[in-house]
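Visitor: Contents of run05.tsv (TSV, C-alpha atoms) are given next:
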```tsv
chain	number	residue	atom	x	y	z
V	1	MET	CA	21.18	87.36	97.76
V	2	ARG	CA	22.63	86.61	94.40
V	3	LEU	CA	21.82	88.20	91.05
V	4	THR	CA	19.47	85.89	89.16
V	5	VAL	CA	17.79	86.12	85.76
V	6	PHE	CA	14.30	84.69	85.42
V	7	HIS	CA	12.98	83.88	81.94
V	8	ASP	CA	9.25	84.22	81.18
V	9	TYR	CA	8.49	84.38	84.88
V	10	GLU	CA	5.56	86.23	86.41
V	11	PRO	CA	7.02	88.84	88.80
V	12	GLU	CA	6.79	88.11	92.51
V	13	PRO	CA	4.72	90.62	94.55
V	14	LEU	CA	7.93	91.94	96.17
V	15	TRP	CA	9.36	92.79	92.76
V	16	VAL	CA	6.47	94.91	91.48
V	17	LYS	CA	7.57	98.25	92.95
V	18	SER	CA	11.12	98.02	91.58
V	19	LEU	CA	9.83	96.70	88.25
V	20	ASN	CA	7.44	99.63	87.88
V	21	LYS	CA	10.26	102.09	88.67
V	22	LEU	CA	12.45	100.50	86.04
V	23	LEU	CA	9.76	100.53	83.36
V	24	GLU	CA	8.24	103.98	83.95
V	25	PRO	CA	6.28	105.19	82.06
V	26	THR	CA	5.68	101.85	80.32
V	27	ASP	CA	3.48	99.17	81.88
V	28	PHE	CA	4.70	95.59	82.35
V	29	SER	CA	1.72	94.20	80.42
V	30	GLU	CA	2.89	96.20	77.38
V	31	ILE	CA	6.42	94.83	77.74
V	32	GLN	CA	5.09	91.26	77.88
V	33	LYS	CA	3.46	91.74	74.48
V	34	LEU	CA	6.89	92.25	72.91
V	35	GLY	CA	8.08	88.67	73.47
V	36	HIS	CA	9.98	86.62	76.05
V	37	VAL	CA	10.71	88.63	79.20
V	38	HIS	CA	13.97	88.17	81.14
V	39	LEU	CA	14.11	89.76	84.60
V	40	ALA	CA	17.37	90.37	86.49
V	41	VAL	CA	16.58	90.27	90.21
V	42	PHE	CA	18.79	91.15	93.17
V	43	ASN	CA	17.64	91.36	96.81
V	44	ASP	CA	13.98	90.97	95.84
V	45	GLY	CA	14.14	93.88	93.42
V	46	VAL	CA	14.17	93.95	89.63
V	47	VAL	CA	17.39	95.65	88.52
V	48	GLY	CA	17.28	94.84	84.81
V	49	ILE	CA	15.00	93.57	82.08
V	50	SER	CA	15.39	92.35	78.53
V	51	VAL	CA	12.82	91.15	76.03
V	52	THR	CA	13.48	88.87	73.08
V	53	ASN	CA	11.39	88.16	70.03
V	54	GLU	CA	12.75	85.20	68.11
V	55	ASN	CA	16.51	85.88	67.92
V	56	ARG	CA	16.26	89.64	68.48
V	57	ILE	CA	16.60	91.59	71.69
V	58	VAL	CA	13.83	94.16	71.37
V	59	TYR	CA	14.07	95.75	74.81
V	60	LEU	CA	16.93	96.10	77.29
V	61	LYS	CA	17.08	98.25	80.39
V	62	VAL	CA	19.12	98.27	83.59
V	63	ARG	CA	18.49	100.52	86.60
V	64	ASP	CA	20.81	103.51	86.47
V	65	ILE	CA	21.97	102.94	90.03
V	66	THR	CA	23.14	99.41	89.24
V	67	ARG	CA	25.02	100.22	86.05
V	68	ARG	CA	28.74	99.35	85.93
V	69	ARG	CA	28.23	96.58	88.48
V	70	GLY	CA	27.86	93.63	86.13
V	71	VAL	CA	24.06	93.55	86.02
V	72	GLY	CA	23.83	94.38	82.30
V	73	ARG	CA	26.60	91.95	81.43
V	74	TYR	CA	24.98	89.10	83.35
V	75	LEU	CA	21.50	89.90	81.99
V	76	LEU	CA	22.87	89.94	78.44
V	77	GLU	CA	24.76	86.66	78.96
V	78	GLU	CA	21.65	84.93	80.26
V	79	THR	CA	19.45	86.42	77.54
V	80	ASN	CA	21.95	85.25	74.90
V	81	ARG	CA	21.98	81.76	76.42
V	82	PHE	CA	18.17	81.65	76.28
V	83	VAL	CA	18.04	82.72	72.61
V	84	LEU	CA	20.94	80.52	71.50
V	85	ASN	CA	19.02	77.44	72.64
V	86	GLU	CA	16.89	77.88	69.51
V	87	TYR	CA	18.81	80.17	67.14
V	88	ASP	CA	22.39	80.42	65.92
V	89	ASN	CA	22.73	84.14	66.70
V	90	VAL	CA	21.30	87.02	68.71
V	91	SER	CA	20.83	90.48	67.26
V	92	ILE	CA	20.03	93.89	68.67
V	93	ASP	CA	19.20	97.09	66.79
V	94	THR	CA	20.64	100.08	68.64
V	95	CYS	CA	18.05	102.35	67.01
V	96	ILE	CA	15.49	101.14	69.58
V	97	PHE	CA	17.44	103.05	72.26
V	98	PRO	CA	17.52	106.80	72.88
V	99	GLN	CA	20.15	108.60	70.79
V	100	GLU	CA	22.07	109.73	73.88
V	101	GLU	CA	22.58	106.10	74.98
V	102	GLN	CA	23.69	104.66	71.65
V	103	ASP	CA	27.44	105.35	71.95
V	104	GLY	CA	27.62	103.73	75.40
V	105	LEU	CA	25.47	100.84	74.23
V	106	THR	CA	27.68	100.28	71.18
V	107	TYR	CA	30.76	100.10	73.40
V	108	PHE	CA	28.99	97.78	75.86
V	109	LEU	CA	27.82	95.40	73.11
V	110	GLU	CA	31.27	95.23	71.55
V	111	THR	CA	32.84	94.38	74.94
V	112	GLN	CA	30.29	91.56	75.26
V	113	GLY	CA	31.28	89.94	71.95
V	114	TYR	CA	28.73	91.53	69.62
V	115	VAL	CA	29.88	92.66	66.18
V	116	LYS	CA	28.34	95.15	63.79
V	117	SER	CA	26.30	93.70	60.98
V	118	ALA	CA	27.88	94.10	57.56
V	119	ALA	CA	24.51	95.22	56.19
V	120	ASN	CA	23.63	97.79	58.88
V	121	ASP	CA	26.03	99.38	61.38
V	122	LYS	CA	23.18	99.96	63.87
V	123	ILE	CA	22.56	96.21	64.22
V	124	PHE	CA	24.88	94.12	66.37
V	125	ILE	CA	25.07	90.34	66.23
V	126	PHE	CA	26.31	87.80	68.75
V	127	ARG	CA	27.25	84.25	67.78
V	128	ASP	CA	28.32	81.60	70.24
```
Mind turning the file's structure into structure tokens?
Guide:
Amino acid sequence: MRLTVFHDYEPEPLWVKSLNKLLEPTDFSEIQKLGHVHLAVFNDGVVGISVTNENRIVYLKVRDITRRRGVGRYLLEETNRFVLNEYDNVSIDTCIFPQEEQDGLTYFLETQGYVKSAANDKIFIFRD
């Protein structure tokens, strides 16, 4: 099966177990309240999730076991595409992530075409 990103899609019953593992200890209903949900699915399992609110990515998580395999890159590309249908840029505040992940996230965002905001070096912006 191929990696696919579903936007604002109610999870299939087969996906629930992997989704719950990914989100622990948070509940999916709480994530849905944040905005538009984007689910990366591979082999009937959720391997990544992002949430956007207007032009901001407010939540982004990829299963540890699938990191460095292109899941995060593809999820981010598809999330950007979704947001750029309505806005001229996408932003993400690295402060919403645990401190120990911020250096890796900064590197990842820069390799994906994001640049630091001139006003705040914790906010990264992507323009198509």
Visitor: Pick out the closest residue to Gly70 (chain V) from this set: V:Phe108, V:Trp15, V:Tyr87, V:Phe126. Count only C-alpha atoms.
Guide: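 Closest candidate: V:Phe108.
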Visitor: Would you work out the distance separating CA of Phe6 (chain V) from CA of Arg127 (chain V), expressed in Å to one decimal?
Guide: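 These atoms are spaced 21.9 Å apart.
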Visitor: Between V:Phe42, V:Leu84, V:Gly48, V:Leu109, which residue has the minimum interatomic distance to Leu19 (chain V), considering only C-alpha atoms?
Guide: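 Checking each of V:Phe42, V:Leu84, V:Gly48, V:Leu109 against Leu19 (chain V), counting only C-alpha atoms, the winner is V:Gly48.
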Visitor: Mind giving me the straight-line distance from CA of Lys116 (chain V) to CA of Leu3 (chain V) in Å, one decimal?
Guide: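 According to the coordinates, CA of Lys116 (chain V) and CA of Leu3 (chain V) are separated by 28.9 Å.
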Visitor: When distances are computed from only C-alpha atoms, which of V:Leu34, V:Asn80, V:Thr52, V:Gly104 shows the smallest separation from Arg67 (chain V)?
Guide: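 Between V:Leu34, V:Asn80, V:Thr52, V:Gly104, the residue approaching Arg67 (chain V) most closely is V:Gly104.
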Visitor: Using all atoms listed in the file, can you tell me which of V:Leu22, V:Val71, V:Val51, V:Val41 comes closest to Val5 (chain V)?
Guide: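 Of V:Leu22, V:Val71, V:Val51, V:Val41, the one nearest Val5 (chain V) is V:Val41, counting all atoms listed in the file.
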Visitor: Interatomic distance between CA of His7 (chain V) and CA of Tyr114 (chain V)?
Guide: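 For CA of His7 (chain V) relative to CA of Tyr114 (chain V), the distance reads 21.4 Å.
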Visitor: Calculated over all atoms listed in the file, which of the candidates V:Arg69, V:Leu76, V:Tyr59, V:Asn43 has the smallest distance to Glu30 (chain V)?
Guide: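 Among V:Arg69, V:Leu76, V:Tyr59, V:Asn43, it is V:Tyr59 that comes nearest to Glu30 (chain V).
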